[in-house]
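Visitor: Have a look at this one before I ask anything.
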Amino acid sequence: MVESQPRKTARAEPFIKRVLVAVVLLPIGVAAIYSGGWVYTGLIALVLGTAAYEFSALFKASGLRPSIYLAPGATAAIVWARAVYGFEEAAGILSLAILLALAYHLVDYERGRDRAATDFAASGAAILYIGWLGAYLVSLRNLPEGAWWVLTVLPSVWLADSAAYMVGARIGKHKLTKRLSPNKSWEGYLAGIVIAVPGTMLLALLWRALGAGEIVTPLRGALLAGVLSTLTILGDLGESMIKRQVGAKDSGRVLPGHGGVFDRIDSWLWAGVIGYYMISLFFL
């Protein structure tokens, strides 16, 4: 009994840090979502730009040399273009960024870098995965009743992640994956779905009471939560794959108890895209 106390304390410390960081950042995020416009776009550009930097740094730590500053800059530009002009102009920025990345790595190869082609693949992946896909968080906010949709989509993922973490830590016995993330369990994964669906239905009722109107309904909240809580774990596992290949525990140290920004938004990248198309195709 004496020896178990330090272990319990050690396990509790990261959770306490996670909660404290969430308490500080949650009001900022909610205020930005509600405000929309340049406030929300600026916050998303900052978050995604930091994640793109961390993404590139992970590959750099493994011996590759992606363009570590082009990816954050291109990501921020794509986010702003998506917010102001929509998909067409943002596609132009994306195309230009890929061309610039290739030009950069051509010069790097000429200077003697033999793995420049692989470096280019890593640069392109950062721009596409973090920049283009991440910008769907802005497109989601720009939908009719966009603030309420963002406040439905992202919390559904948070509910699923939190339930999976807490249940899995306590009763998880069957590994969800053996190599990608062996600490995740089927018990935790299923608990995330079970909690996220009714939890998001309740959120939808609350948002309607606060002025969301008829467009955000409990049924739509349940459908979103069911799909998102089932699929967004792939974003989490995708980041785990990258970190395990390069031998990193976290993508960064920006957020105590959480790791890096990329560690926190890995599921958002999937949630933004899936949520946007579910809402725009079926609910509007």
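Identifiers in the structure tokens: chain A, B, ... in order shown; residue index from 1 per chain; ligand index from 1 in order shown.
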Using only C-alpha atoms, which residues of segment 196-261 of chain A come within 12 Å of segment 115-131 of chain A, and what is the closest atom pair for each, with the distance in Å to one decimal? Give it as a tab-separated table, sorted by chain and residue number.

Guide:
residue	atom	partner	partner_atom	distance
A:Gly235	CA	A:Tyr129	CA	10.4
A:Gly238	CA	A:Tyr129	CA	10.9
A:Glu239	CA	A:Tyr129	CA	11.1
A:Ile242	CA	A:Ala122	CA	11.1
A:Val261	CA	A:Ile130	CA	11.4

Visitor: Mind the document's chain letters and residue numbers, and return as an NGL selection string the residues of segment 167-252 of chain A that DSSP labels alpha helix (DSSP H).

Guide: :A and (167-171 or 186-209 or 218-231 or 233-246)

Visitor: Nearest to Val153 of chain A: which of A:Ile274, A:Leu284, A:Val19, A:Ala101 is it, counting only C-alpha atoms?

Guide: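 Selected residue with least distance to Val153 of chain A: A:Ile274.
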
Visitor: Between A:Ala90, A:Leu70, A:Val84, A:Ile265, which is the closest to Tyr104 of chain A once you count only C-alpha atoms?

Guide: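 Nearest to Tyr104 of chain A: A:Leu70.
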
Visitor: Do a neighbour search on Trp207 of chain A at 10 Å with only C-alpha atoms, toss out local chain neighbours closer than 6 positions, and write the hits as a ChimeraX atom specification.

Guide: /A:148-149,151-152,201,213,216-218

Visitor: I'd like the contact shell of Gly73 of chain A - 7 Å cut-off, only C-alpha atoms, skipping same-chain residues fewer than 4 positions apart - returned as a tab-separated table (two decimals) with C-alpha atoms, in the first residue's frame.

Guide:
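Result went into selection_38.tsv, see below:
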chain	number	residue	atom	x	y	z
A	49	GLY	CA	0.45	27.00	-37.99
A	69	TYR	CA	8.96	27.32	-42.00
A	77	ALA	CA	-2.24	31.58	-45.71

Visitor: Please tabulate, as a Markdown table, the residues of segment 201-268 of chain A that come within 9 Å of segment 155-169 of chain A, each with its closest pair of atoms and the distance in Å to one decimal, counting only C-alpha atoms and ordering rows by chain, then residue number upward.

Guide:
| residue | atom | partner | partner_atom | distance |
| --- | --- | --- | --- | --- |
| A:Leu203 | CA | A:Pro155 | CA | 8.5 |
| A:Gly221 | CA | A:Ser156 | CA | 8.4 |
| A:Leu224 | CA | A:Ser156 | CA | 7.9 |
| A:Ala225 | CA | A:Ser156 | CA | 5.4 |
| A:Gly226 | CA | A:Ser156 | CA | 8.8 |
| A:Leu228 | CA | A:Val157 | CA | 6.6 |
| A:Ser229 | CA | A:Ala160 | CA | 5.7 |
| A:Thr230 | CA | A:Ala160 | CA | 8.8 |
| A:Thr232 | CA | A:Val157 | CA | 7.4 |
| A:Ile233 | CA | A:Asp161 | CA | 8.2 |
| A:Ser267 | CA | A:Val157 | CA | 7.3 |
| A:Trp268 | CA | A:Val157 | CA | 7.7 |

Visitor: Please provide the set of residues having any atom within 12 Å of Leu255 of chain A, restricted to only C-alpha atoms, with same-chain residues fewer than 6 positions apart removed, written as a list of chain:residue names.

Guide: A:Pro14, A:Lys17, A:Arg18, A:Val19, A:Leu20, A:Val21, A:Ala22, A:Val24, A:Leu25, A:Val47, A:Thr50, A:Val261, A:Phe262, A:Asp263, A:Arg264, A:Ile265

Visitor: Include C-alpha atoms and write out the residues we just selected as a PDB file, in the first residue's frame.

Guide:
ATOM      1  CA  PRO A  14      -0.755  14.603 -15.977  1.00  0.00           C
ATOM      2  CA  LYS A  17      -2.274  19.449 -15.744  1.00  0.00           C
ATOM      3  CA  ARG A  18      -4.610  18.582 -18.603  1.00  0.00           C
ATOM      4  CA  VAL A  19      -7.591  19.896 -16.658  1.00  0.00           C
ATOM      5  CA  LEU A  20      -5.835  23.142 -15.686  1.00  0.00           C
ATOM      6  CA  VAL A  21      -4.787  23.831 -19.284  1.00  0.00           C
ATOM      7  CA  ALA A  22      -8.337  23.125 -20.466  1.00  0.00           C
ATOM      8  CA  VAL A  24      -7.506  28.285 -19.145  1.00  0.00           C
ATOM      9  CA  LEU A  25      -7.930  27.662 -22.874  1.00  0.00           C
ATOM     10  CA  VAL A  47      -3.158  26.781 -33.811  1.00  0.00           C
ATOM     11  CA  THR A  50       1.976  25.759 -34.720  1.00  0.00           C
ATOM     12  CA  VAL A 261      -0.556  21.506 -30.284  1.00  0.00           C
ATOM     13  CA  PHE A 262      -0.561  18.718 -32.879  1.00  0.00           C
ATOM     14  CA  ASP A 263      -1.195  16.264 -30.023  1.00  0.00           C
ATOM     15  CA  ARG A 264      -4.396  18.143 -29.186  1.00  0.00           C
ATOM     16  CA  ILE A 265      -5.798  18.718 -32.657  1.00  0.00           C
TER      17      ILE A 265
END

Visitor: Find, counting only C-alpha atoms, the residue in A:Glu110, A:Asp266, A:Ile16, A:Pro72 that gets nearest to Asp250 of chain A.

Guide: A:Asp266

Visitor: Using only C-alpha atoms, which of the listed residues (A:Ile171, A:Ala248, A:Ala222, A:Leu202) sits closest to Lys60 of chain A?

Guide: A:Ala248
